>>> print(open('target_28.cif').read())   # mmCIF, C-alpha atoms
data_my_file
#
loop_
_atom_site.group_PDB
_atom_site.id
_atom_site.type_symbol
_atom_site.label_atom_id
_atom_site.label_comp_id
_atom_site.auth_asym_id
_atom_site.auth_seq_id
_atom_site.Cartn_x
_atom_site.Cartn_y
_atom_site.Cartn_z
ATOM 1 C CA MET A 1 0.000 0.000 0.000
ATOM 2 C CA LYS A 2 2.776 2.360 -1.043
ATOM 3 C CA GLU A 3 0.345 5.059 -2.128
ATOM 4 C CA LEU A 4 -2.912 5.540 -0.271
ATOM 5 C CA TYR A 5 -5.998 4.579 -2.251
ATOM 6 C CA GLN A 6 -8.146 7.502 -3.350
ATOM 7 C CA SER A 7 -11.237 5.990 -1.736
ATOM 8 C CA ILE A 8 -9.406 5.735 1.603
ATOM 9 C CA GLN A 9 -8.252 9.347 1.309
ATOM 10 C CA GLU A 10 -11.863 10.354 0.743
ATOM 11 C CA LEU A 11 -12.978 8.402 3.814
ATOM 12 C CA LEU A 12 -10.332 10.115 5.944
ATOM 13 C CA PHE A 13 -11.509 13.502 4.651
ATOM 14 C CA ASP A 14 -15.123 12.656 5.538
ATOM 15 C CA LEU A 15 -14.031 11.430 8.961
ATOM 16 C CA PHE A 16 -12.009 14.506 9.960
ATOM 17 C CA GLN A 17 -13.669 17.099 7.700
ATOM 18 C CA LYS A 18 -10.310 18.139 6.313
ATOM 19 C CA GLU A 19 -7.486 16.696 4.266
ATOM 20 C CA VAL A 20 -5.092 14.557 6.280
ATOM 21 C CA LYS A 21 -1.901 12.810 5.305
ATOM 22 C CA VAL A 22 -0.588 9.426 6.384
ATOM 23 C CA MET A 23 2.732 9.999 8.127
ATOM 24 C CA GLU A 24 3.433 6.338 8.853
ATOM 25 C CA GLU A 25 2.002 3.065 7.590
ATOM 26 C CA LYS A 26 2.795 -0.012 9.657
ATOM 27 C CA ARG A 27 1.784 -3.530 8.725
ATOM 28 C CA ILE A 28 0.226 -5.381 11.652
ATOM 29 C CA MET A 29 0.457 -9.119 12.111
ATOM 30 C CA GLY A 30 -2.906 -10.758 12.745
ATOM 31 C CA GLY A 31 -5.171 -13.236 11.046
ATOM 32 C CA ALA A 32 -4.390 -15.070 7.826
ATOM 33 C CA ILE A 33 -7.298 -13.662 5.798
ATOM 34 C CA ASN A 34 -6.721 -9.900 5.413
ATOM 35 C CA ASP A 35 -3.842 -7.439 5.225
ATOM 36 C CA ALA A 36 -3.869 -5.144 8.264
ATOM 37 C CA PHE A 37 -2.239 -1.744 8.797
ATOM 38 C CA LEU A 38 -1.855 0.937 11.430
ATOM 39 C CA LEU A 39 -2.029 4.379 9.830
ATOM 40 C CA ARG A 40 -0.544 7.302 11.765
ATOM 41 C CA LEU A 41 -1.947 10.581 10.492
ATOM 42 C CA ASP A 42 -0.562 14.103 10.480
ATOM 43 C CA ASN A 43 -3.347 15.255 12.822
ATOM 44 C CA GLY A 44 -2.014 12.978 15.572
ATOM 45 C CA LYS A 45 -4.721 10.341 15.113
ATOM 46 C CA GLU A 46 -4.241 6.625 14.481
ATOM 47 C CA VAL A 47 -6.616 4.383 12.546
ATOM 48 C CA PHE A 48 -6.722 0.655 11.853
ATOM 49 C CA LEU A 49 -7.185 -0.509 8.267
ATOM 50 C CA LYS A 50 -7.869 -3.974 6.851
ATOM 51 C CA THR A 51 -7.796 -4.648 3.137
ATOM 52 C CA ASN A 52 -8.613 -7.512 0.829
ATOM 53 C CA ALA A 53 -9.501 -8.076 -2.820
ATOM 54 C CA LYS A 54 -12.449 -6.141 -4.201
ATOM 55 C CA ASP A 55 -14.582 -9.281 -4.500
ATOM 56 C CA MET A 56 -14.237 -9.803 -0.730
ATOM 57 C CA PHE A 57 -16.039 -6.538 0.083
ATOM 58 C CA ASP A 58 -19.098 -8.416 1.320
ATOM 59 C CA MET A 59 -16.941 -9.850 4.098
ATOM 60 C CA PHE A 60 -16.368 -6.341 5.460
ATOM 61 C CA ILE A 61 -20.070 -5.515 5.167
ATOM 62 C CA LYS A 62 -20.895 -8.512 7.347
ATOM 63 C CA GLU A 63 -18.101 -7.704 9.803
ATOM 64 C CA ARG A 64 -19.609 -4.252 10.303
ATOM 65 C CA THR A 65 -23.042 -5.823 10.929
ATOM 66 C CA GLY A 66 -21.595 -8.191 13.526
ATOM 67 C CA ILE A 67 -19.705 -5.484 15.388
ATOM 68 C CA GLN A 68 -22.867 -3.382 15.491
ATOM 69 C CA ALA A 69 -24.871 -6.332 16.825
ATOM 70 C CA ILE A 70 -22.413 -6.860 19.689
ATOM 71 C CA TYR A 71 -22.318 -3.139 20.425
ATOM 72 C CA ASP A 72 -26.109 -3.005 20.572
ATOM 73 C CA THR A 73 -26.172 -5.463 23.492
ATOM 74 C CA HIS A 74 -24.559 -2.754 25.675
ATOM 75 C CA THR A 75 -22.538 -5.427 27.455
ATOM 76 C CA ILE A 76 -19.027 -5.592 25.985
ATOM 77 C CA GLN A 77 -17.265 -3.008 23.882
ATOM 78 C CA THR A 78 -16.295 -3.066 20.203
ATOM 79 C CA PRO A 79 -14.201 -0.601 18.188
ATOM 80 C CA GLU A 80 -15.907 2.190 16.291
ATOM 81 C CA ILE A 81 -16.188 1.513 12.553
ATOM 82 C CA TYR A 82 -15.201 4.574 10.547
ATOM 83 C CA GLY A 83 -16.198 3.194 7.192
ATOM 84 C CA ILE A 84 -15.943 0.479 4.561
ATOM 85 C CA GLY A 85 -15.446 0.751 0.841
ATOM 86 C CA VAL A 86 -13.877 -0.405 -2.392
ATOM 87 C CA ASP A 87 -11.217 1.070 -4.638
ATOM 88 C CA ASP A 88 -11.880 0.127 -8.255
ATOM 89 C CA GLU A 89 -8.492 1.279 -9.503
ATOM 90 C CA ARG A 90 -6.601 -0.957 -7.047
ATOM 91 C CA ASN A 91 -9.172 -3.812 -7.071
ATOM 92 C CA CYS A 92 -9.307 -3.462 -3.300
ATOM 93 C CA SER A 93 -11.902 -3.503 -0.526
ATOM 94 C CA PHE A 94 -11.325 -2.242 2.993
ATOM 95 C CA ILE A 95 -12.681 -1.551 6.449
ATOM 96 C CA MET A 96 -11.349 1.276 8.616
ATOM 97 C CA MET A 97 -11.925 1.453 12.350
ATOM 98 C CA GLU A 98 -10.693 2.778 15.641
ATOM 99 C CA TYR A 99 -7.170 1.653 16.510
ATOM 100 C CA LEU A 100 -6.893 0.089 19.953
ATOM 101 C CA CYS A 101 -3.630 -0.216 21.854
ATOM 102 C CA ALA A 102 -3.747 -0.089 25.643
ATOM 103 C CA SER A 103 -2.711 -1.958 28.777
ATOM 104 C CA ARG A 104 -4.964 -4.445 30.521
ATOM 105 C CA ASN A 105 -6.667 -3.559 33.759
ATOM 106 C CA GLN A 106 -5.740 -5.665 36.772
ATOM 107 C CA ASP A 107 -9.146 -7.401 36.640
ATOM 108 C CA TYR A 108 -9.118 -7.762 32.844
ATOM 109 C CA TYR A 109 -10.080 -11.446 32.647
ATOM 110 C CA ARG A 110 -12.652 -11.320 35.439
ATOM 111 C CA VAL A 111 -14.497 -8.446 33.776
ATOM 112 C CA PHE A 112 -14.103 -10.109 30.370
ATOM 113 C CA GLY A 113 -15.878 -13.211 31.676
ATOM 114 C CA GLN A 114 -18.646 -11.170 33.275
ATOM 115 C CA GLU A 115 -19.281 -9.040 30.206
ATOM 116 C CA LEU A 116 -19.221 -12.006 27.833
ATOM 117 C CA ALA A 117 -21.816 -13.778 29.989
ATOM 118 C CA LYS A 118 -23.989 -10.658 29.957
ATOM 119 C CA MET A 119 -23.722 -10.536 26.157
ATOM 120 C CA HIS A 120 -24.887 -14.153 26.021
ATOM 121 C CA LEU A 121 -27.883 -13.216 28.177
ATOM 122 C CA ALA A 122 -28.888 -10.227 26.035
ATOM 123 C CA ASP A 123 -32.124 -10.217 24.062
ATOM 124 C CA THR A 124 -31.780 -11.735 20.572
ATOM 125 C CA LYS A 125 -35.199 -11.164 18.991
ATOM 126 C CA ALA A 126 -33.894 -8.463 16.651
ATOM 127 C CA TYR A 127 -31.595 -10.941 14.890
ATOM 128 C CA THR A 128 -33.810 -13.919 14.024
ATOM 129 C CA GLY A 129 -37.277 -12.641 13.124
ATOM 130 C CA LEU A 130 -39.986 -15.104 14.180
ATOM 131 C CA LYS A 131 -37.499 -17.937 14.650
ATOM 132 C CA THR A 132 -35.029 -18.528 17.486
ATOM 133 C CA TYR A 133 -31.601 -19.414 16.043
ATOM 134 C CA GLY A 134 -29.670 -18.014 13.090
ATOM 135 C CA PHE A 135 -29.048 -14.413 12.086
ATOM 136 C CA VAL A 136 -30.433 -11.580 9.991
ATOM 137 C CA GLU A 137 -28.002 -12.395 7.178
ATOM 138 C CA ASP A 138 -25.398 -14.915 6.124
ATOM 139 C CA ASN A 139 -21.808 -13.968 6.918
ATOM 140 C CA TYR A 140 -18.324 -15.490 7.076
ATOM 141 C CA ILE A 141 -16.195 -17.596 9.381
ATOM 142 C CA GLY A 142 -12.753 -16.434 8.337
ATOM 143 C CA SER A 143 -13.296 -16.170 4.594
ATOM 144 C CA THR A 144 -15.625 -19.191 4.477
ATOM 145 C CA PRO A 145 -19.289 -18.361 3.774
ATOM 146 C CA GLN A 146 -21.410 -19.097 6.837
ATOM 147 C CA ARG A 147 -25.122 -19.891 6.449
ATOM 148 C CA ASN A 148 -27.442 -18.293 8.989
ATOM 149 C CA GLU A 149 -30.912 -19.438 7.928
ATOM 150 C CA CYS A 150 -33.187 -19.166 10.959
ATOM 151 C CA TYR A 151 -34.568 -22.239 12.771
ATOM 152 C CA ASP A 152 -36.598 -22.878 15.899
ATOM 153 C CA SER A 153 -34.403 -25.867 16.768
ATOM 154 C CA TRP A 154 -30.768 -25.225 17.683
ATOM 155 C CA ILE A 155 -29.792 -28.789 16.804
ATOM 156 C CA ASP A 156 -31.378 -28.491 13.363
ATOM 157 C CA PHE A 157 -29.631 -25.164 12.823
ATOM 158 C CA TYR A 158 -26.287 -26.588 13.854
ATOM 159 C CA ARG A 159 -26.724 -29.617 11.620
ATOM 160 C CA GLU A 160 -27.884 -27.775 8.486
ATOM 161 C CA CYS A 161 -26.097 -24.417 8.750
ATOM 162 C CA ARG A 162 -22.862 -25.381 10.446
ATOM 163 C CA MET A 163 -21.784 -29.004 10.095
ATOM 164 C CA ARG A 164 -23.338 -30.092 6.789
ATOM 165 C CA PRO A 165 -21.921 -27.183 4.725
ATOM 166 C CA GLN A 166 -18.425 -27.756 6.134
ATOM 167 C CA PHE A 167 -18.626 -31.498 5.407
ATOM 168 C CA GLU A 168 -19.696 -30.706 1.837
ATOM 169 C CA MET A 169 -16.722 -28.362 1.351
ATOM 170 C CA ALA A 170 -14.315 -30.953 2.790
ATOM 171 C CA LYS A 171 -15.401 -33.872 0.567
ATOM 172 C CA GLY A 172 -12.171 -33.762 -1.370
ATOM 173 C CA TYR A 173 -10.212 -34.652 1.768
ATOM 174 C CA PHE A 174 -12.360 -37.632 2.741
ATOM 175 C CA GLN A 175 -12.488 -41.306 1.818
ATOM 176 C CA GLU A 176 -15.811 -43.127 1.420
ATOM 177 C CA GLU A 177 -15.759 -44.363 5.022
ATOM 178 C CA ASP A 178 -15.100 -40.794 6.219
ATOM 179 C CA LEU A 179 -18.175 -39.551 4.368
ATOM 180 C CA GLU A 180 -20.247 -42.289 5.987
ATOM 181 C CA ALA A 181 -18.925 -41.226 9.385
ATOM 182 C CA CYS A 182 -19.901 -37.629 8.625
ATOM 183 C CA GLU A 183 -23.470 -38.735 7.929
ATOM 184 C CA GLY A 184 -23.452 -40.778 11.104
ATOM 185 C CA LEU A 185 -22.420 -37.760 13.159
ATOM 186 C CA LEU A 186 -25.112 -35.597 11.574
ATOM 187 C CA LYS A 187 -27.757 -38.201 12.430
ATOM 188 C CA ASN A 188 -26.435 -38.512 15.976
ATOM 189 C CA LEU A 189 -26.379 -34.830 16.902
ATOM 190 C CA ASP A 190 -29.596 -35.233 18.891
ATOM 191 C CA LYS A 191 -27.750 -37.717 21.140
ATOM 192 C CA TYR A 192 -24.990 -35.271 22.015
ATOM 193 C CA LEU A 193 -26.329 -31.717 21.739
ATOM 194 C CA ILE A 194 -29.121 -30.100 23.755
ATOM 195 C CA GLU A 195 -31.590 -27.366 23.033
ATOM 196 C CA PRO A 196 -30.340 -24.310 24.973
ATOM 197 C CA LYS A 197 -32.309 -22.822 27.837
ATOM 198 C CA TYR A 198 -32.250 -19.525 25.916
ATOM 199 C CA PRO A 199 -30.707 -18.218 22.688
ATOM 200 C CA SER A 200 -27.530 -16.139 22.854
ATOM 201 C CA LEU A 201 -25.904 -13.666 20.527
ATOM 202 C CA LEU A 202 -22.518 -15.225 19.754
ATOM 203 C CA HIS A 203 -19.272 -13.698 18.644
ATOM 204 C CA GLY A 204 -18.902 -16.848 16.552
ATOM 205 C CA ASP A 205 -15.113 -16.930 16.157
ATOM 206 C CA LEU A 206 -13.778 -16.104 19.603
ATOM 207 C CA TRP A 207 -10.145 -17.149 19.613
ATOM 208 C CA GLU A 208 -7.602 -15.036 21.487
ATOM 209 C CA GLY A 209 -6.721 -12.918 18.451
ATOM 210 C CA ASN A 210 -10.313 -11.725 18.100
ATOM 211 C CA SER A 211 -10.264 -9.917 21.422
ATOM 212 C CA THR A 212 -8.128 -6.895 22.159
ATOM 213 C CA VAL A 213 -7.572 -4.297 24.864
ATOM 214 C CA GLY A 214 -9.709 -1.186 24.604
ATOM 215 C CA ARG A 215 -8.848 2.307 25.721
ATOM 216 C CA ASP A 216 -10.575 1.540 29.052
ATOM 217 C CA GLY A 217 -8.209 -1.360 29.730
ATOM 218 C CA LYS A 218 -10.984 -3.933 29.287
ATOM 219 C CA ALA A 219 -11.489 -6.627 26.642
ATOM 220 C CA TRP A 220 -13.104 -5.459 23.408
ATOM 221 C CA LEU A 221 -14.320 -7.854 20.711
ATOM 222 C CA ILE A 222 -13.251 -7.681 17.062
ATOM 223 C CA ASP A 223 -13.664 -9.738 13.862
ATOM 224 C CA PRO A 224 -16.990 -11.358 14.740
ATOM 225 C CA ALA A 225 -18.868 -14.073 12.847
ATOM 226 C CA CYS A 226 -22.099 -13.369 14.708
ATOM 227 C CA TYR A 227 -25.220 -15.470 14.939
ATOM 228 C CA VAL A 228 -27.713 -16.562 17.588
ATOM 229 C CA GLY A 229 -27.134 -19.987 19.098
ATOM 230 C CA HIS A 230 -25.962 -21.878 22.181
ATOM 231 C CA TYR A 231 -23.564 -19.834 24.318
ATOM 232 C CA GLU A 232 -21.331 -22.889 24.737
ATOM 233 C CA THR A 233 -20.098 -22.558 21.161
ATOM 234 C CA ASP A 234 -18.181 -19.366 22.024
ATOM 235 C CA LEU A 235 -16.677 -21.032 25.077
ATOM 236 C CA ALA A 236 -15.669 -24.085 23.029
ATOM 237 C CA MET A 237 -13.813 -21.920 20.514
ATOM 238 C CA MET A 238 -12.091 -20.055 23.345
ATOM 239 C CA GLU A 239 -10.799 -23.377 24.693
ATOM 240 C CA LEU A 240 -9.781 -24.800 21.308
ATOM 241 C CA TYR A 241 -6.541 -22.858 20.901
ATOM 242 C CA GLY A 242 -6.199 -21.472 24.429
ATOM 243 C CA GLY A 243 -4.832 -18.129 25.519
ATOM 244 C CA PHE A 244 -7.584 -17.179 27.968
ATOM 245 C CA SER A 245 -7.060 -17.157 31.721
ATOM 246 C CA PRO A 246 -9.029 -19.594 33.934
ATOM 247 C CA GLU A 247 -10.151 -16.468 35.808
ATOM 248 C CA LEU A 248 -12.274 -15.545 32.782
ATOM 249 C CA PHE A 249 -14.175 -18.831 32.792
ATOM 250 C CA LYS A 250 -14.606 -18.747 36.572
ATOM 251 C CA ALA A 251 -16.215 -15.289 36.359
ATOM 252 C CA TYR A 252 -18.350 -16.380 33.413
ATOM 253 C CA TYR A 253 -19.697 -19.471 35.189
ATOM 254 C CA GLU A 254 -20.602 -17.425 38.256
ATOM 255 C CA ILE A 255 -23.208 -15.765 36.018
ATOM 256 C CA ILE A 256 -24.049 -18.672 33.685
ATOM 257 C CA PRO A 257 -23.290 -21.975 35.456
ATOM 258 C CA GLN A 258 -21.721 -24.720 33.359
ATOM 259 C CA GLU A 259 -24.236 -27.389 32.309
ATOM 260 C CA THR A 260 -23.741 -31.147 32.601
ATOM 261 C CA GLY A 261 -22.298 -32.771 29.477
ATOM 262 C CA TYR A 262 -20.489 -29.675 28.247
ATOM 263 C CA GLU A 263 -17.255 -31.571 27.541
ATOM 264 C CA VAL A 264 -18.960 -33.691 24.851
ATOM 265 C CA ARG A 265 -20.735 -30.734 23.291
ATOM 266 C CA ARG A 266 -17.468 -28.793 23.354
ATOM 267 C CA ASP A 267 -15.866 -31.409 21.079
ATOM 268 C CA ILE A 268 -18.657 -31.105 18.532
ATOM 269 C CA TYR A 269 -18.653 -27.309 18.640
ATOM 270 C CA GLN A 270 -14.874 -27.298 18.214
ATOM 271 C CA LEU A 271 -15.187 -29.630 15.231
ATOM 272 C CA TYR A 272 -16.883 -26.839 13.283
ATOM 273 C CA HIS A 273 -13.790 -24.654 13.628
ATOM 274 C CA VAL A 274 -11.319 -27.482 13.062
ATOM 275 C CA ILE A 275 -12.980 -28.546 9.819
ATOM 276 C CA ASN A 276 -13.220 -24.910 8.749
ATOM 277 C CA HIS A 277 -9.451 -24.690 9.227
ATOM 278 C CA LEU A 278 -9.149 -27.835 7.095
ATOM 279 C CA ASN A 279 -11.163 -26.142 4.364
ATOM 280 C CA LEU A 280 -9.215 -22.887 4.633
ATOM 281 C CA PHE A 281 -5.651 -24.036 5.248
ATOM 282 C CA GLY A 282 -5.342 -27.639 4.121
ATOM 283 C CA ASP A 283 -4.740 -31.171 5.275
ATOM 284 C CA ARG A 284 -2.614 -30.428 8.340
ATOM 285 C CA TYR A 285 -6.016 -30.273 10.081
ATOM 286 C CA LEU A 286 -7.258 -33.556 8.581
ATOM 287 C CA ALA A 287 -6.174 -35.903 11.380
ATOM 288 C CA GLN A 288 -7.801 -33.751 14.059
ATOM 289 C CA THR A 289 -10.960 -33.474 11.956
ATOM 290 C CA ARG A 290 -11.216 -37.242 11.389
ATOM 291 C CA HIS A 291 -10.569 -37.961 15.072
ATOM 292 C CA LEU A 292 -13.510 -35.802 16.183
ATOM 293 C CA ILE A 293 -15.831 -37.113 13.466
ATOM 294 C CA TYR A 294 -15.242 -40.785 14.288
ATOM 295 C CA LYS A 295 -15.487 -40.115 18.013
ATOM 296 C CA TYR A 296 -19.157 -39.136 17.602
ATOM 297 C CA ALA A 297 -20.183 -40.970 14.419
ATOM 298 C CA LYS A 298 -21.959 -43.770 16.332
#
>>> encode(input="target_28.cif", output="structure tokens")
Amino acid sequence: MKELYQSIQELLFDLFQKEVKVMEEKRIMGGAINDAFLLRLDNGKEVFLKTNAKDMFDMFIKERTGIQAIYDTHTIQTPEIYGIGVDDERNCSFIMMEYLCASRNQDYYRVFGQELAKMHLADTKAYTGLKTYGFVEDNYIGSTPQRNECYDSWIDFYRECRMRPQFEMAKGYFQEEDLEACEGLLKNLDKYLIEPKYPSLLHGDLWEGNSTVGRDGKAWLIDPACYVGHYETDLAMMELYGGFSPELFKAYYEIIPQETGYEVRRDIYQLYHVINHLNLFGDRYLAQTRHLIYKYAK
């Protein structure tokens, strides 16, 4: 991004109501899907910018929707979105938002757990119409399209909008017996999953890198893949790759007590993310995927 895109310059002008120049552009390491930059401006401000190909613009539209949904719960903070757009000349799409860089409060994880639980208890009617689970629109998990058709049954939603599409995308990695095991797991979901006591707005992709420290020293959520479902799915993803303090989970469970059988459901909820990594990044995730499928295929 040697020379700032015209569309981004126009967004900065609209944001500050005057022409500003980028004094420093710093690439930021993060996820594997987008290019990310810190822009330091000549007015002393800093903004965060993510870019991708023009045909990935819809991904940024859905990210903005998810961040707004979390913000609207008034439970846990999200960064302010300054704008999204495309640059035809550079074949680029982008999202610009508030840049966050602060130190954690002493009670960072305890408050994180409390606020996440409160988000999971927030009203969800605005996101699913007359149904209970799903979301107002389809979105993405990483760069993978994520179906959010609304259902009254959580188990049906999880089968048809989460597991089945991922199995379909992964067919090229599977042998015939693997495909049979996939069908067995889909048929057996009623044995292992439960209908939640209430629906919860989910972040949807809550690994450590999708939380950051806000200017108040507390955890703020970024890069959501929001939908309404069982709160345990967020917790399962948080445990999949680690990085969160036990203090967080302790504070969370003081508000929403852990339910019997969570360890089994956690495996199945983690499978969604493991197989998505298989579909995104290749067969280094195949052994882990097959292990979880066969564990619950019967």
>>> atom_distance(input="target_28.cif", atom1="atom CA of A:Phe135", atom2="atom CA of A:Glu149")
6.8 Å
>>> resolve_selection(input="target_28.cif", expression="the PyMOL selection byres ((chain A and resi 161) around 8)", output="ChimeraX atom specification")
/A:146-149,157-160,162-165
>>> resolve_selection(input="target_28.cif", expression="the PyMOL selection byres ((chain A and resi 298) around 7)", output="ChimeraX atom specification")
/A:184-185,188,296-297
>>> write_last_selection(input="target_28.cif", atoms="C-alpha atoms", output="CSV table (one decimal), keeping the file's coordinate frame")
chain,number,residue,atom,x,y,z
A,184,GLY,CA,-23.5,-40.8,11.1
A,185,LEU,CA,-22.4,-37.8,13.2
A,188,ASN,CA,-26.4,-38.5,16.0
A,296,TYR,CA,-19.2,-39.1,17.6
A,297,ALA,CA,-20.2,-41.0,14.4
>>> residues_around(input="target_28.cif", residues="A:Pro224", least_positions_apart="6", cutoff="12 Å", atoms="all atoms listed in the file", output="PDB file with C-alpha atoms, in the frame of the given file")
ATOM      1  CA  MET A  59     -16.941  -9.850   4.098  1.00  0.00           C
ATOM      2  CA  PHE A  60     -16.368  -6.341   5.460  1.00  0.00           C
ATOM      3  CA  ILE A  61     -20.070  -5.515   5.167  1.00  0.00           C
ATOM      4  CA  LYS A  62     -20.895  -8.512   7.347  1.00  0.00           C
ATOM      5  CA  GLU A  63     -18.101  -7.704   9.803  1.00  0.00           C
ATOM      6  CA  ARG A  64     -19.609  -4.252  10.303  1.00  0.00           C
ATOM      7  CA  THR A  65     -23.042  -5.823  10.929  1.00  0.00           C
ATOM      8  CA  GLY A  66     -21.595  -8.191  13.526  1.00  0.00           C
ATOM      9  CA  ILE A  67     -19.705  -5.484  15.388  1.00  0.00           C
ATOM     10  CA  GLN A  68     -22.867  -3.382  15.491  1.00  0.00           C
ATOM     11  CA  ALA A  69     -24.871  -6.332  16.825  1.00  0.00           C
ATOM     12  CA  ILE A  70     -22.413  -6.860  19.689  1.00  0.00           C
ATOM     13  CA  TYR A  71     -22.318  -3.139  20.425  1.00  0.00           C
ATOM     14  CA  THR A  78     -16.295  -3.066  20.203  1.00  0.00           C
ATOM     15  CA  PRO A  79     -14.201  -0.601  18.188  1.00  0.00           C
ATOM     16  CA  ASN A 139     -21.808 -13.968   6.918  1.00  0.00           C
ATOM     17  CA  TYR A 140     -18.324 -15.490   7.076  1.00  0.00           C
ATOM     18  CA  ILE A 141     -16.195 -17.596   9.381  1.00  0.00           C
ATOM     19  CA  GLY A 142     -12.753 -16.434   8.337  1.00  0.00           C
ATOM     20  CA  SER A 143     -13.296 -16.170   4.594  1.00  0.00           C
ATOM     21  CA  GLN A 146     -21.410 -19.097   6.837  1.00  0.00           C
ATOM     22  CA  LEU A 201     -25.904 -13.666  20.527  1.00  0.00           C
ATOM     23  CA  LEU A 202     -22.518 -15.225  19.754  1.00  0.00           C
ATOM     24  CA  HIS A 203     -19.272 -13.698  18.644  1.00  0.00           C
ATOM     25  CA  GLY A 204     -18.902 -16.848  16.552  1.00  0.00           C
ATOM     26  CA  ASP A 205     -15.113 -16.930  16.157  1.00  0.00           C
ATOM     27  CA  LEU A 206     -13.778 -16.104  19.603  1.00  0.00           C
ATOM     28  CA  TRP A 207     -10.145 -17.149  19.613  1.00  0.00           C
ATOM     29  CA  GLY A 209      -6.721 -12.918  18.451  1.00  0.00           C
ATOM     30  CA  ASN A 210     -10.313 -11.725  18.100  1.00  0.00           C
ATOM     31  CA  SER A 211     -10.264  -9.917  21.422  1.00  0.00           C
ATOM     32  CA  ASP A 234     -18.181 -19.366  22.024  1.00  0.00           C
TER      33      ASP A 234
END
>>> residues_near_point(input="target_28.cif", point="(-14.4, -25.6, 20.1)", cutoff="10 Å", atoms="only C-alpha atoms", output="PyMOL selection string")
chain A and resi 205-207+232-241+263+265-274
>>> atom_distance(input="target_28.cif", atom1="atom CA of A:Tyr82", atom2="atom CA of A:Leu49")
9.8 Å
>>> resolve_selection(input="target_28.cif", expression="the PyMOL selection byres ((chain A and resi 25) around 12)", output="list in words")
Met1, Lys2, Glu3, Leu4, Lys21, Val22, Met23, Glu24, Lys26, Arg27, Ile28, Ala36, Phe37, Leu38, Leu39, Arg40, Leu41, Asp42, Glu46, Val47, Phe48 and Leu49 of chain A
>>> write_last_selection(input="target_28.cif", atoms="C-alpha atoms", output="PDB file, keeping the file's coordinate frame")
ATOM      1  CA  MET A   1       0.000   0.000   0.000  1.00  0.00           C
ATOM      2  CA  LYS A   2       2.776   2.360  -1.043  1.00  0.00           C
ATOM      3  CA  GLU A   3       0.345   5.059  -2.128  1.00  0.00           C
ATOM      4  CA  LEU A   4      -2.912   5.540  -0.271  1.00  0.00           C
ATOM      5  CA  LYS A  21      -1.901  12.810   5.305  1.00  0.00           C
ATOM      6  CA  VAL A  22      -0.588   9.426   6.384  1.00  0.00           C
ATOM      7  CA  MET A  23       2.732   9.999   8.127  1.00  0.00           C
ATOM      8  CA  GLU A  24       3.433   6.338   8.853  1.00  0.00           C
ATOM      9  CA  LYS A  26       2.795  -0.012   9.657  1.00  0.00           C
ATOM     10  CA  ARG A  27       1.784  -3.530   8.725  1.00  0.00           C
ATOM     11  CA  ILE A  28       0.226  -5.381  11.652  1.00  0.00           C
ATOM     12  CA  ALA A  36      -3.869  -5.144   8.264  1.00  0.00           C
ATOM     13  CA  PHE A  37      -2.239  -1.744   8.797  1.00  0.00           C
ATOM     14  CA  LEU A  38      -1.855   0.937  11.430  1.00  0.00           C
ATOM     15  CA  LEU A  39      -2.029   4.379   9.830  1.00  0.00           C
ATOM     16  CA  ARG A  40      -0.544   7.302  11.765  1.00  0.00           C
ATOM     17  CA  LEU A  41      -1.947  10.581  10.492  1.00  0.00           C
ATOM     18  CA  ASP A  42      -0.562  14.103  10.480  1.00  0.00           C
ATOM     19  CA  GLU A  46      -4.241   6.625  14.481  1.00  0.00           C
ATOM     20  CA  VAL A  47      -6.616   4.383  12.546  1.00  0.00           C
ATOM     21  CA  PHE A  48      -6.722   0.655  11.853  1.00  0.00           C
ATOM     22  CA  LEU A  49      -7.185  -0.509   8.267  1.00  0.00           C
TER      23      LEU A  49
END
>>> closest_residue(input="target_28.cif", among="A:Phe16, A:Tyr262, A:Phe57, A:Tyr294", to="A:Ala181", atoms="all atoms listed in the file")
A:Tyr294
>>> atom_distance(input="target_28.cif", atom1="atom CA of A:Gly214", atom2="atom CA of A:Val86")
27.3 Å
>>> closest_residue(input="target_28.cif", among="A:Ala102, A:Leu121, A:Ile81, A:Glu10", to="A:Val213", atoms="all atoms listed in the file")
A:Ala102
>>> closest_residue(input="target_28.cif", among="A:Asp223, A:Asp123, A:Thr289, A:Gly113", to="A:Asn34", atoms="all atoms listed in the file")
A:Asp223
>>> closest_residue(input="target_28.cif", among="A:Ala170, A:Ile293, A:Ile95, A:Ile8", to="A:Phe281", atoms="all atoms listed in the file")
A:Ala170
>>> residues_around(input="target_28.cif", residues="A:Tyr173", least_positions_apart="4", cutoff="9 Å", atoms="only C-alpha atoms", output="list in words")
Leu278, Asn279, Gly282, Asp283 and Leu286 of chain A
>>> axis_aligned_box(input="target_28.cif", around="stretch 206-225 of chain A", padding_each_side="8 Å", output="lines of an AutoDock Vina configuration file")
center_x = -12.8
center_y = -7.4
center_z = 21.3
size_x = 28.1
size_y = 35.5
size_z = 32.9
>>> closest_residue(input="target_28.cif", among="A:Tyr192, A:Leu292, A:Glu208, A:Leu116", to="A:Thr260", atoms="all atoms listed in the file")
A:Tyr192
>>> residues_around(input="target_28.cif", residues="A:Gly217", least_positions_apart="6", cutoff="7 Å", atoms="all atoms listed in the file", output="VMD selection string")
chain A and resid 102 to 105
>>> write_last_selection(input="target_28.cif", atoms="C-alpha atoms", output="mmCIF file, in the frame of the given file")
data_model
loop_
_atom_site.group_PDB
_atom_site.id
_atom_site.type_symbol
_atom_site.label_atom_id
_atom_site.label_comp_id
_atom_site.auth_asym_id
_atom_site.auth_seq_id
_atom_site.Cartn_x
_atom_site.Cartn_y
_atom_site.Cartn_z
ATOM 1 C CA ALA A 102 -3.747 -0.089 25.643
ATOM 2 C CA SER A 103 -2.711 -1.958 28.777
ATOM 3 C CA ARG A 104 -4.964 -4.445 30.521
ATOM 4 C CA ASN A 105 -6.667 -3.559 33.759
#
